[in-house]
Amino acid sequence: MTSLLRTGPTVPFLDLRAQHTELRADLDAAALRVLHSDRLVLGPEVEGFEHAWAATAGARHAVGVASGLDALTLALRAVGVGPGDEVVVPAHTFVATWLSVVHVGAVPVPVDADPVSGAWDPAAVEAAVTPRTTALVPVHLYGHPLDLDPLLAVAGRHGLAVVDDAAQAHGARVGRRPVGSGARATAWSFYPGKNLGAVGDGGAVTTDDPQVAGRVRSLRNYGSTTKYRHDEVGWNSRLDELQAALLTVKLRHLEEWNARRRSVAARYDAALGGLPDLLLPATAPGTEPSWHLYVVRTPHRDALQAHLTACGVGTVVHYPVPPHRQPAFAGTAAAAADLPGADRWSAQVLSLPMGPHLTADHQDHVLRSVQEFRP
Ligand SMILES: *Cc1c(COP(=O)(O)O)cnc(C)c1O
């Protein structure tokens with residue numbers, strides 16, 4: 001059924017099935033290889049994927065875990081963050097960034113997003129550091145990579161660890177440096193909708209530090225590196241063989257898929273620039289985003305979203321309620337904080353369809369639909 005307003009195709013926000021159709025034969029073969037193997041947990045598929053992922057991220061080590069949230073949590077624990085510590089986090093991010101801090105017993109201390117650029121100002125981050133601060137968790141939100149150098153300088157002055165949240169930044173770069181190198185540890189998610197997604201949950205930690213890598217290996221496996229000897233209180237958070245095998249197939253296409261995302265972003269930029277009350281995503285000079293999401297901002301967000309829905313264009317708000325306003329954080333110090341930047345972003349952001357399989361026709365329909373919008 002089509003509504004009277006509808007002219008044109010229905011454009012899904014993201015078409016995951018197209019990914020799997022493109023690689024069907026290889027994915028089928030990988031899945032069957034695991035099904036008929038006798039190493040089902042922490043076997044050759046995970047090991048192979050870890051090597052490939054470390055190389056892509058420009059890090060010495062990669063350790064596969066069960067999800068992006070677990071990657072953050074285990075990385076924080078592995079660099080020594082624990083009960084009573086404070087960890088500086090962005091106010092505008094997916095809630096998992098904050099949850100990981102709570103899961104190691106620490107307290108998330110939000111630093112607001114710049115209301116205009118959304119950037120995390122290193123001076124504001126430094127101002128949030130107290131004697132109890134032990135780590136900073138910058139987030140490469142929407143796939144726009146942050147330059148870690150100024151944050152590493154802050155961390156160096158105060159003896160802090162930097163653990164970056166790269167769940168949206170597979171393949172993004174600052175200059176020639178890929179996201180995944182530079183911080184003490186980097187946390188990745190392979191949730192299906194990410195630029196590199198499993199067929200289910202998955203995650204990884206990358207690091208150059210063999211001690212951090214070893215600690216994550218132990219923590220993901222009951223705090224154990226020798227069977228039935230438990231050196232610390234760990235988790236069961238392993239990337240499974242099936243997901244690792246499928247991720248290995250998809251990883252070979254990440255670069256090309258990111259290039260296709262870049263060309264979609266370039267078309268959107270060219271066609272939507274200069275429309276009234278519509279801010280396009282800003283790319284910092286010298287950076288190459290992964291274009292996980294293409295996020296516009298407008299004071300007429302809800303009306304624009306309703307118009308696009310009526311036009312058959314799928315959109316998503318990333319994210320409608322900032323972490324400090326979530327019931328999960330009610331009663332905490334962060335809930336009482338004044339974070340106007342995060343509030344404004346959550347009220348104004350809208351993610352347009354984006355992905356490597358968005359056809360030219362669908363892109364045209366998205367662009368026409370946005371151009372037609374009158375608040
Ligand atoms: C997806 C995501 C996570 C969490 O990853 P999961 O694999 O879903 O647990 C963390 N941080 C950000 C910024 C994300 O987008």
# chains A, B, ... in the order shown; residues from 1 in each chain; ligands from 1
>>> closest_atom_pairs(of="chain A", to="ligand 1", cutoff="7 Å", atoms="only C-alpha atoms and all ligand atoms", output="JSON lines")
{"residue": "A:Ser67", "atom": "CA", "partner": "ligand 1", "partner_atom_place_in_ligand_line": "7 (O)", "distance": 3.9}
{"residue": "A:Gly68", "atom": "CA", "partner": "ligand 1", "partner_atom_place_in_ligand_line": "5 (O)", "distance": 3.4}
{"residue": "A:Leu69", "atom": "CA", "partner": "ligand 1", "partner_atom_place_in_ligand_line": "9 (O)", "distance": 3.8}
{"residue": "A:Asp70", "atom": "CA", "partner": "ligand 1", "partner_atom_place_in_ligand_line": "9 (O)", "distance": 6.5}
{"residue": "A:Thr93", "atom": "CA", "partner": "ligand 1", "partner_atom_place_in_ligand_line": "13 (C)", "distance": 5.9}
{"residue": "A:Phe94", "atom": "CA", "partner": "ligand 1", "partner_atom_place_in_ligand_line": "13 (C)", "distance": 4.9}
{"residue": "A:Ala96", "atom": "CA", "partner": "ligand 1", "partner_atom_place_in_ligand_line": "10 (C)", "distance": 4.7}
{"residue": "A:Thr97", "atom": "CA", "partner": "ligand 1", "partner_atom_place_in_ligand_line": "11 (N)", "distance": 5.2}
{"residue": "A:Val139", "atom": "CA", "partner": "ligand 1", "partner_atom_place_in_ligand_line": "13 (C)", "distance": 6.2}
{"residue": "A:Leu141", "atom": "CA", "partner": "ligand 1", "partner_atom_place_in_ligand_line": "13 (C)", "distance": 5.9}
{"residue": "A:Asp165", "atom": "CA", "partner": "ligand 1", "partner_atom_place_in_ligand_line": "11 (N)", "distance": 5.9}
{"residue": "A:Ala166", "atom": "CA", "partner": "ligand 1", "partner_atom_place_in_ligand_line": "13 (C)", "distance": 6.7}
{"residue": "A:Ala167", "atom": "CA", "partner": "ligand 1", "partner_atom_place_in_ligand_line": "14 (C)", "distance": 4.6}
{"residue": "A:Gln168", "atom": "CA", "partner": "ligand 1", "partner_atom_place_in_ligand_line": "15 (O)", "distance": 5.2}
{"residue": "A:Ser189", "atom": "CA", "partner": "ligand 1", "partner_atom_place_in_ligand_line": "7 (O)", "distance": 4.1}
{"residue": "A:Phe190", "atom": "CA", "partner": "ligand 1", "partner_atom_place_in_ligand_line": "7 (O)", "distance": 5.7}
{"residue": "A:Tyr191", "atom": "CA", "partner": "ligand 1", "partner_atom_place_in_ligand_line": "7 (O)", "distance": 4.6}
{"residue": "A:Asp201", "atom": "CA", "partner": "ligand 1", "partner_atom_place_in_ligand_line": "7 (O)", "distance": 5.9}
{"residue": "A:Gly202", "atom": "CA", "partner": "ligand 1", "partner_atom_place_in_ligand_line": "7 (O)", "distance": 5.9}
{"residue": "A:Gly203", "atom": "CA", "partner": "ligand 1", "partner_atom_place_in_ligand_line": "7 (O)", "distance": 5.9}
>>> write_last_selection(atoms="N, CA, C and O atoms", output="mmCIF file, in the first residue's frame")
data_model
loop_
_atom_site.group_PDB
_atom_site.id
_atom_site.type_symbol
_atom_site.label_atom_id
_atom_site.label_comp_id
_atom_site.auth_asym_id
_atom_site.auth_seq_id
_atom_site.Cartn_x
_atom_site.Cartn_y
_atom_site.Cartn_z
ATOM 1 N N SER A 67 30.962 -8.288 22.322
ATOM 2 C CA SER A 67 30.187 -7.125 21.877
ATOM 3 C C SER A 67 31.042 -5.876 22.028
ATOM 4 O O SER A 67 32.112 -5.897 22.663
ATOM 5 N N GLY A 68 30.519 -4.769 21.502
ATOM 6 C CA GLY A 68 31.205 -3.490 21.669
ATOM 7 C C GLY A 68 31.178 -3.018 23.117
ATOM 8 O O GLY A 68 32.163 -2.471 23.617
ATOM 9 N N LEU A 69 30.044 -3.233 23.777
ATOM 10 C CA LEU A 69 29.977 -2.856 25.198
ATOM 11 C C LEU A 69 31.021 -3.622 26.002
ATOM 12 O O LEU A 69 31.728 -3.055 26.836
ATOM 13 N N ASP A 70 31.146 -4.922 25.727
ATOM 14 C CA ASP A 70 32.157 -5.704 26.442
ATOM 15 C C ASP A 70 33.569 -5.247 26.066
ATOM 16 O O ASP A 70 34.468 -5.244 26.922
ATOM 17 N N THR A 93 26.620 10.678 23.102
ATOM 18 C CA THR A 93 27.149 9.413 22.581
ATOM 19 C C THR A 93 26.085 8.348 22.778
ATOM 20 O O THR A 93 25.053 8.587 23.413
ATOM 21 N N PHE A 94 26.330 7.158 22.236
ATOM 22 C CA PHE A 94 25.456 6.023 22.539
ATOM 23 C C PHE A 94 25.684 5.617 23.995
ATOM 24 O O PHE A 94 26.811 5.678 24.499
ATOM 25 N N ALA A 96 26.104 3.007 25.582
ATOM 26 C CA ALA A 96 27.073 1.959 25.931
ATOM 27 C C ALA A 96 28.399 2.533 26.408
ATOM 28 O O ALA A 96 29.074 1.935 27.252
ATOM 29 N N THR A 97 28.786 3.699 25.871
ATOM 30 C CA THR A 97 30.044 4.314 26.309
ATOM 31 C C THR A 97 30.007 4.520 27.832
ATOM 32 O O THR A 97 30.971 4.213 28.537
ATOM 33 N N VAL A 139 34.942 9.289 21.755
ATOM 34 C CA VAL A 139 34.102 8.477 20.866
ATOM 35 C C VAL A 139 34.177 9.068 19.459
ATOM 36 O O VAL A 139 33.930 10.263 19.267
ATOM 37 N N LEU A 141 32.258 9.483 17.041
ATOM 38 C CA LEU A 141 30.818 9.353 16.808
ATOM 39 C C LEU A 141 30.467 9.556 15.337
ATOM 40 O O LEU A 141 30.993 10.462 14.689
ATOM 41 N N ASP A 165 36.408 4.789 21.866
ATOM 42 C CA ASP A 165 35.240 4.032 21.427
ATOM 43 C C ASP A 165 35.136 4.198 19.908
ATOM 44 O O ASP A 165 34.737 5.245 19.408
ATOM 45 N N ALA A 166 35.529 3.126 19.207
ATOM 46 C CA ALA A 166 35.568 3.172 17.740
ATOM 47 C C ALA A 166 34.455 2.331 17.128
ATOM 48 O O ALA A 166 34.562 1.886 15.986
ATOM 49 N N ALA A 167 33.373 2.158 17.871
ATOM 50 C CA ALA A 167 32.289 1.286 17.416
ATOM 51 C C ALA A 167 31.680 1.748 16.088
ATOM 52 O O ALA A 167 31.029 0.962 15.402
ATOM 53 N N GLN A 168 31.896 3.028 15.733
ATOM 54 C CA GLN A 168 31.319 3.554 14.496
ATOM 55 C C GLN A 168 32.402 3.961 13.495
ATOM 56 O O GLN A 168 32.095 4.629 12.507
ATOM 57 N N SER A 189 32.961 -2.484 17.937
ATOM 58 C CA SER A 189 31.745 -3.298 17.915
ATOM 59 C C SER A 189 31.575 -3.865 16.515
ATOM 60 O O SER A 189 31.840 -3.186 15.522
ATOM 61 N N PHE A 190 31.107 -5.104 16.445
ATOM 62 C CA PHE A 190 30.733 -5.686 15.157
ATOM 63 C C PHE A 190 29.240 -6.022 15.137
ATOM 64 O O PHE A 190 28.808 -6.989 14.499
ATOM 65 N N TYR A 191 28.469 -5.221 15.862
ATOM 66 C CA TYR A 191 27.003 -5.304 15.782
ATOM 67 C C TYR A 191 26.620 -5.248 14.292
ATOM 68 O O TYR A 191 27.284 -4.558 13.506
ATOM 69 N N ASP A 201 26.079 -10.527 17.495
ATOM 70 C CA ASP A 201 26.965 -9.617 18.229
ATOM 71 C C ASP A 201 28.428 -10.016 18.126
ATOM 72 O O ASP A 201 28.757 -11.179 17.941
ATOM 73 N N GLY A 202 29.291 -9.012 18.274
ATOM 74 C CA GLY A 202 30.725 -9.254 18.313
ATOM 75 C C GLY A 202 31.432 -7.962 18.628
ATOM 76 O O GLY A 202 30.850 -6.875 18.517
ATOM 77 N N GLY A 203 32.684 -8.069 19.048
ATOM 78 C CA GLY A 203 33.472 -6.876 19.344
ATOM 79 C C GLY A 203 34.937 -7.230 19.408
ATOM 80 O O GLY A 203 35.313 -8.404 19.271
#
>>> residues_around(residues="stretch 337-340 of chain A", least_positions_apart="5", cutoff="8 Å", atoms="only C-alpha atoms", output="list of chain:residue names")
A:Ala91, A:Val111, A:Asp112, A:Pro115, A:His324
>>> write_last_selection(atoms="N, CA, C and O atoms", output="PDB file, in the first residue's frame")
ATOM      1  N   ALA A  91      29.174  13.734  26.523  1.00  0.00           N
ATOM      2  CA  ALA A  91      27.761  13.789  26.918  1.00  0.00           C
ATOM      3  C   ALA A  91      26.868  13.288  25.784  1.00  0.00           C
ATOM      4  O   ALA A  91      25.792  12.752  26.028  1.00  0.00           O
ATOM      5  N   VAL A 111      31.507  15.342  29.502  1.00  0.00           N
ATOM      6  CA  VAL A 111      31.922  16.645  28.979  1.00  0.00           C
ATOM      7  C   VAL A 111      31.040  16.912  27.761  1.00  0.00           C
ATOM      8  O   VAL A 111      30.874  16.044  26.893  1.00  0.00           O
ATOM      9  N   ASP A 112      30.471  18.095  27.740  1.00  0.00           N
ATOM     10  CA  ASP A 112      29.447  18.399  26.748  1.00  0.00           C
ATOM     11  C   ASP A 112      30.017  18.490  25.335  1.00  0.00           C
ATOM     12  O   ASP A 112      31.192  18.813  25.128  1.00  0.00           O
ATOM     13  N   PRO A 115      28.015  22.910  21.046  1.00  0.00           N
ATOM     14  CA  PRO A 115      26.680  22.993  20.433  1.00  0.00           C
ATOM     15  C   PRO A 115      26.731  23.159  18.913  1.00  0.00           C
ATOM     16  O   PRO A 115      25.799  22.767  18.216  1.00  0.00           O
ATOM     17  N   HIS A 324      22.669  11.177  30.067  1.00  0.00           N
ATOM     18  CA  HIS A 324      22.412  11.762  31.398  1.00  0.00           C
ATOM     19  C   HIS A 324      20.928  11.922  31.675  1.00  0.00           C
ATOM     20  O   HIS A 324      20.540  12.136  32.811  1.00  0.00           O
TER      21      HIS A 324
END
>>> select_by_dssp(residues="stretch 31-138 of chain A", states="alpha helix (DSSP H)", output="number ranges by chain")
A: 31-35, 44-57, 68-78, 95-103, 122-127
>>> select_by_dssp(residues="stretch 188-263 of chain A", states="strand (DSSP E)", output="ChimeraX atom specification")
/A:188-189,203-207
>>> residues_around(residues="stretch 142-155 of chain A", least_positions_apart="2", cutoff="6 Å", atoms="only C-alpha atoms", output="ChimeraX atom specification")
/A:122,140,157-160,168-169,289-293
>>> write_last_selection(atoms="C-alpha atoms", output="PDB file, in the first residue's frame")
ATOM      1  CA  PRO A 122      40.370  19.075  24.880  1.00  0.00           C
ATOM      2  CA  HIS A 140      34.534   8.691  17.097  1.00  0.00           C
ATOM      3  CA  ARG A 157      49.847  15.585  31.887  1.00  0.00           C
ATOM      4  CA  HIS A 158      47.538  13.806  34.351  1.00  0.00           C
ATOM      5  CA  GLY A 159      48.665  10.177  34.049  1.00  0.00           C
ATOM      6  CA  LEU A 160      45.410   8.963  32.463  1.00  0.00           C
ATOM      7  CA  GLN A 168      31.319   3.554  14.496  1.00  0.00           C
ATOM      8  CA  ALA A 169      34.738   4.189  12.986  1.00  0.00           C
ATOM      9  CA  PRO A 289      35.372   9.491   8.226  1.00  0.00           C
ATOM     10  CA  SER A 290      34.032   5.959   7.931  1.00  0.00           C
ATOM     11  CA  TRP A 291      30.595   7.518   7.218  1.00  0.00           C
ATOM     12  CA  HIS A 292      28.907   5.084   9.540  1.00  0.00           C
ATOM     13  CA  LEU A 293      26.042   7.576   9.635  1.00  0.00           C
TER      14      LEU A 293
END
>>> residues_around(residues="A:Ala124", least_positions_apart="3", cutoff="10 Å", atoms="only C-alpha atoms", output="ChimeraX atom specification")
/A:111-114,120-121,127-129
>>> residues_around(residues="A:Pro110", least_positions_apart="2", cutoff="7 Å", atoms="only C-alpha atoms", output="ChimeraX atom specification")
/A:88-91,108,112,334
>>> write_last_selection(atoms="C-alpha atoms", output="PDB file, in the first residue's frame")
ATOM      1  CA  VAL A  88      35.604  11.398  31.336  1.00  0.00           C
ATOM      2  CA  VAL A  89      33.073  10.562  28.604  1.00  0.00           C
ATOM      3  CA  PRO A  90      31.250  12.613  25.957  1.00  0.00           C
ATOM      4  CA  ALA A  91      27.761  13.789  26.918  1.00  0.00           C
ATOM      5  CA  PRO A 108      31.150   8.545  34.100  1.00  0.00           C
ATOM      6  CA  ASP A 112      29.447  18.399  26.748  1.00  0.00           C
ATOM      7  CA  ALA A 334      25.645  13.254  35.770  1.00  0.00           C
TER       8      ALA A 334
END
>>> closest_residue(among="A:Leu42, A:Leu239, A:Leu196, A:Ala284", to="A:Val174", atoms="only C-alpha atoms")
A:Ala284
>>> residues_around(residues="A:Asp302", least_positions_apart="2", cutoff="10 Å", atoms="only C-alpha atoms", output="list in words")
Thr298, Pro299, His300, Leu304, Gln305, Ala306, His307, Leu308, Val317, Ala347, Gln348, Val349, Leu350 and Pro375 of chain A
>>> write_last_selection(atoms="all heavy atoms", output="mmCIF file, in the first residue's frame")
data_model
loop_
_atom_site.group_PDB
_atom_site.id
_atom_site.type_symbol
_atom_site.label_atom_id
_atom_site.label_comp_id
_atom_site.auth_asym_id
_atom_site.auth_seq_id
_atom_site.Cartn_x
_atom_site.Cartn_y
_atom_site.Cartn_z
ATOM 1 N N THR A 298 18.672 19.895 12.285
ATOM 2 C CA THR A 298 17.718 20.944 11.966
ATOM 3 C C THR A 298 16.795 21.174 13.160
ATOM 4 O O THR A 298 16.421 20.203 13.843
ATOM 5 C CB THR A 298 16.871 20.580 10.714
ATOM 6 O OG1 THR A 298 15.810 21.537 10.602
ATOM 7 C CG2 THR A 298 16.283 19.181 10.789
ATOM 8 N N PRO A 299 16.402 22.429 13.389
ATOM 9 C CA PRO A 299 15.422 22.684 14.452
ATOM 10 C C PRO A 299 14.051 22.082 14.124
ATOM 11 O O PRO A 299 13.210 21.963 14.993
ATOM 12 C CB PRO A 299 15.358 24.219 14.531
ATOM 13 C CG PRO A 299 16.012 24.735 13.304
ATOM 14 C CD PRO A 299 16.914 23.662 12.782
ATOM 15 N N HIS A 300 13.839 21.691 12.861
ATOM 16 C CA HIS A 300 12.550 21.097 12.448
ATOM 17 C C HIS A 300 12.681 19.584 12.311
ATOM 18 O O HIS A 300 12.050 18.979 11.446
ATOM 19 C CB HIS A 300 12.107 21.692 11.113
ATOM 20 C CG HIS A 300 12.269 23.176 11.029
ATOM 21 N ND1 HIS A 300 11.550 24.052 11.800
ATOM 22 C CD2 HIS A 300 13.126 23.943 10.301
ATOM 23 C CE1 HIS A 300 11.930 25.290 11.541
ATOM 24 N NE2 HIS A 300 12.889 25.251 10.640
ATOM 25 N N LEU A 304 10.763 17.091 9.712
ATOM 26 C CA LEU A 304 11.525 16.523 8.586
ATOM 27 C C LEU A 304 11.437 15.004 8.600
ATOM 28 O O LEU A 304 11.222 14.366 7.557
ATOM 29 C CB LEU A 304 12.992 16.977 8.653
ATOM 30 C CG LEU A 304 13.921 16.366 7.598
ATOM 31 C CD1 LEU A 304 13.456 16.698 6.169
ATOM 32 C CD2 LEU A 304 15.370 16.837 7.793
ATOM 33 N N GLN A 305 11.546 14.419 9.775
ATOM 34 C CA GLN A 305 11.459 12.954 9.853
ATOM 35 C C GLN A 305 10.074 12.466 9.406
ATOM 36 O O GLN A 305 9.974 11.484 8.655
ATOM 37 C CB GLN A 305 11.769 12.456 11.273
ATOM 38 C CG GLN A 305 11.782 10.924 11.331
ATOM 39 C CD GLN A 305 12.307 10.374 12.642
ATOM 40 O OE1 GLN A 305 12.037 10.922 13.708
ATOM 41 N NE2 GLN A 305 13.072 9.305 12.566
ATOM 42 N N ALA A 306 9.028 13.165 9.837
ATOM 43 C CA ALA A 306 7.669 12.768 9.446
ATOM 44 C C ALA A 306 7.493 12.892 7.930
ATOM 45 O O ALA A 306 6.902 12.019 7.276
ATOM 46 C CB ALA A 306 6.640 13.624 10.184
ATOM 47 N N HIS A 307 8.023 13.976 7.372
ATOM 48 C CA HIS A 307 7.939 14.168 5.914
ATOM 49 C C HIS A 307 8.665 13.033 5.182
ATOM 50 O O HIS A 307 8.150 12.464 4.210
ATOM 51 C CB HIS A 307 8.555 15.528 5.554
ATOM 52 C CG HIS A 307 8.849 15.701 4.098
ATOM 53 N ND1 HIS A 307 7.876 15.997 3.169
ATOM 54 C CD2 HIS A 307 10.021 15.575 3.405
ATOM 55 C CE1 HIS A 307 8.432 16.062 1.965
ATOM 56 N NE2 HIS A 307 9.732 15.819 2.085
ATOM 57 N N LEU A 308 9.853 12.694 5.658
ATOM 58 C CA LEU A 308 10.619 11.637 4.982
ATOM 59 C C LEU A 308 9.923 10.287 5.121
ATOM 60 O O LEU A 308 9.918 9.485 4.181
ATOM 61 C CB LEU A 308 12.056 11.595 5.523
ATOM 62 C CG LEU A 308 12.894 12.829 5.154
ATOM 63 C CD1 LEU A 308 14.277 12.781 5.806
ATOM 64 C CD2 LEU A 308 13.042 12.977 3.639
ATOM 65 N N VAL A 317 16.968 8.499 14.549
ATOM 66 C CA VAL A 317 17.565 9.545 15.386
ATOM 67 C C VAL A 317 18.639 8.907 16.266
ATOM 68 O O VAL A 317 18.334 8.029 17.074
ATOM 69 C CB VAL A 317 16.490 10.231 16.262
ATOM 70 C CG1 VAL A 317 17.154 11.194 17.252
ATOM 71 C CG2 VAL A 317 15.487 10.974 15.384
ATOM 72 N N ALA A 347 17.964 16.772 20.229
ATOM 73 C CA ALA A 347 16.700 17.339 19.721
ATOM 74 C C ALA A 347 16.750 17.606 18.217
ATOM 75 O O ALA A 347 15.698 17.768 17.585
ATOM 76 C CB ALA A 347 16.386 18.634 20.468
ATOM 77 N N GLN A 348 17.942 17.692 17.645
ATOM 78 C CA GLN A 348 18.050 18.185 16.265
ATOM 79 C C GLN A 348 18.608 17.183 15.251
ATOM 80 O O GLN A 348 18.526 17.413 14.052
ATOM 81 C CB GLN A 348 18.933 19.442 16.235
ATOM 82 C CG GLN A 348 18.335 20.604 17.038
ATOM 83 C CD GLN A 348 19.012 21.930 16.751
ATOM 84 O OE1 GLN A 348 20.126 21.968 16.248
ATOM 85 N NE2 GLN A 348 18.332 23.011 17.081
ATOM 86 N N VAL A 349 19.196 16.085 15.706
ATOM 87 C CA VAL A 349 19.884 15.197 14.755
ATOM 88 C C VAL A 349 18.917 14.262 14.028
ATOM 89 O O VAL A 349 17.909 13.831 14.588
ATOM 90 C CB VAL A 349 20.976 14.339 15.445
ATOM 91 C CG1 VAL A 349 22.159 15.191 15.839
ATOM 92 C CG2 VAL A 349 20.413 13.587 16.642
ATOM 93 N N LEU A 350 19.249 13.969 12.791
ATOM 94 C CA LEU A 350 18.508 12.974 12.009
ATOM 95 C C LEU A 350 19.490 12.276 11.064
ATOM 96 O O LEU A 350 20.225 12.935 10.319
ATOM 97 C CB LEU A 350 17.397 13.646 11.195
ATOM 98 C CG LEU A 350 16.434 12.675 10.501
ATOM 99 C CD1 LEU A 350 15.619 11.873 11.523
ATOM 100 C CD2 LEU A 350 15.499 13.428 9.559
ATOM 101 N N PRO A 375 9.230 23.334 6.269
ATOM 102 C CA PRO A 375 8.795 23.212 7.663
ATOM 103 C C PRO A 375 7.425 23.868 7.908
ATOM 104 O O PRO A 375 7.079 24.814 7.203
ATOM 105 C CB PRO A 375 9.884 23.908 8.469
ATOM 106 C CG PRO A 375 10.734 24.639 7.514
ATOM 107 C CD PRO A 375 10.468 24.116 6.135
#
>>> closest_residue(among="A:Gly64, A:Pro178, A:Arg17, A:Arg374", to="A:Leu219", atoms="only C-alpha atoms")
A:Gly64
>>> residues_around(residues="A:His362", least_positions_apart="5", cutoff="9 Å", atoms="only C-alpha atoms", output="PyMOL selection string")
chain A and resi 8-12+313+353+367
>>> closest_atom_pairs(of="stretch 245-356 of chain A", to="stretch 53-57 of chain A", cutoff="10 Å", atoms="only C-alpha atoms", output="JSON lines")
{"residue": "A:Leu247", "atom": "CA", "partner": "A:Trp53", "partner_atom": "CA", "distance": 9.4}
{"residue": "A:Thr248", "atom": "CA", "partner": "A:Trp53", "partner_atom": "CA", "distance": 8.5}
{"residue": "A:Leu251", "atom": "CA", "partner": "A:Trp53", "partner_atom": "CA", "distance": 8.0}
{"residue": "A:Leu254", "atom": "CA", "partner": "A:Thr56", "partner_atom": "CA", "distance": 9.7}
{"residue": "A:Glu255", "atom": "CA", "partner": "A:Thr56", "partner_atom": "CA", "distance": 9.7}
>>> write_last_selection(atoms="all heavy atoms", output="compact mmCIF listing (two decimals), in the first residue's frame")
# COMPACT_ATOMS: atom_id res chain seq x y z
N LEU A 247 33.00 -12.49 9.74
CA LEU A 247 33.67 -11.19 9.74
C LEU A 247 34.91 -11.20 8.85
O LEU A 247 35.23 -10.20 8.20
CB LEU A 247 34.07 -10.79 11.18
CG LEU A 247 32.91 -10.33 12.07
CD1 LEU A 247 33.34 -10.31 13.55
CD2 LEU A 247 32.42 -8.94 11.65
N THR A 248 35.61 -12.34 8.82
CA THR A 248 36.81 -12.44 7.98
C THR A 248 36.44 -12.26 6.51
O THR A 248 37.15 -11.58 5.75
CB THR A 248 37.51 -13.79 8.22
OG1 THR A 248 37.86 -13.87 9.60
CG2 THR A 248 38.75 -13.94 7.36
N LEU A 251 35.43 -8.49 6.06
CA LEU A 251 36.55 -7.55 6.21
C LEU A 251 37.24 -7.27 4.87
O LEU A 251 37.68 -6.16 4.61
CB LEU A 251 37.56 -8.09 7.24
CG LEU A 251 38.83 -7.28 7.47
CD1 LEU A 251 38.52 -5.82 7.80
CD2 LEU A 251 39.67 -7.91 8.58
N LEU A 254 35.60 -4.27 3.38
CA LEU A 254 35.37 -3.06 4.17
C LEU A 254 35.83 -1.81 3.45
O LEU A 254 35.12 -0.80 3.40
CB LEU A 254 36.07 -3.19 5.54
CG LEU A 254 36.00 -1.95 6.43
CD1 LEU A 254 34.55 -1.66 6.84
CD2 LEU A 254 36.87 -2.12 7.68
N GLU A 255 37.03 -1.88 2.87
CA GLU A 255 37.57 -0.68 2.24
C GLU A 255 36.69 -0.22 1.08
O GLU A 255 36.38 0.96 0.94
CB GLU A 255 38.99 -0.97 1.76
CG GLU A 255 39.90 0.23 1.91
CD GLU A 255 41.34 -0.16 1.62
OE1 GLU A 255 41.90 -1.03 2.33
OE2 GLU A 255 41.89 0.39 0.65
>>> closest_residue(among="A:Gly223, A:Gln371, A:Thr186, A:Pro192", to="A:Tyr268", atoms="only C-alpha atoms")
A:Gln371
>>> atom_distance(atom1="atom CA of A:Val264", atom2="atom CA of A:Glu288")
14.0 Å
>>> atom_distance(atom1="atom CA of A:Trp98", atom2="atom CA of A:Asn236")
20.6 Å
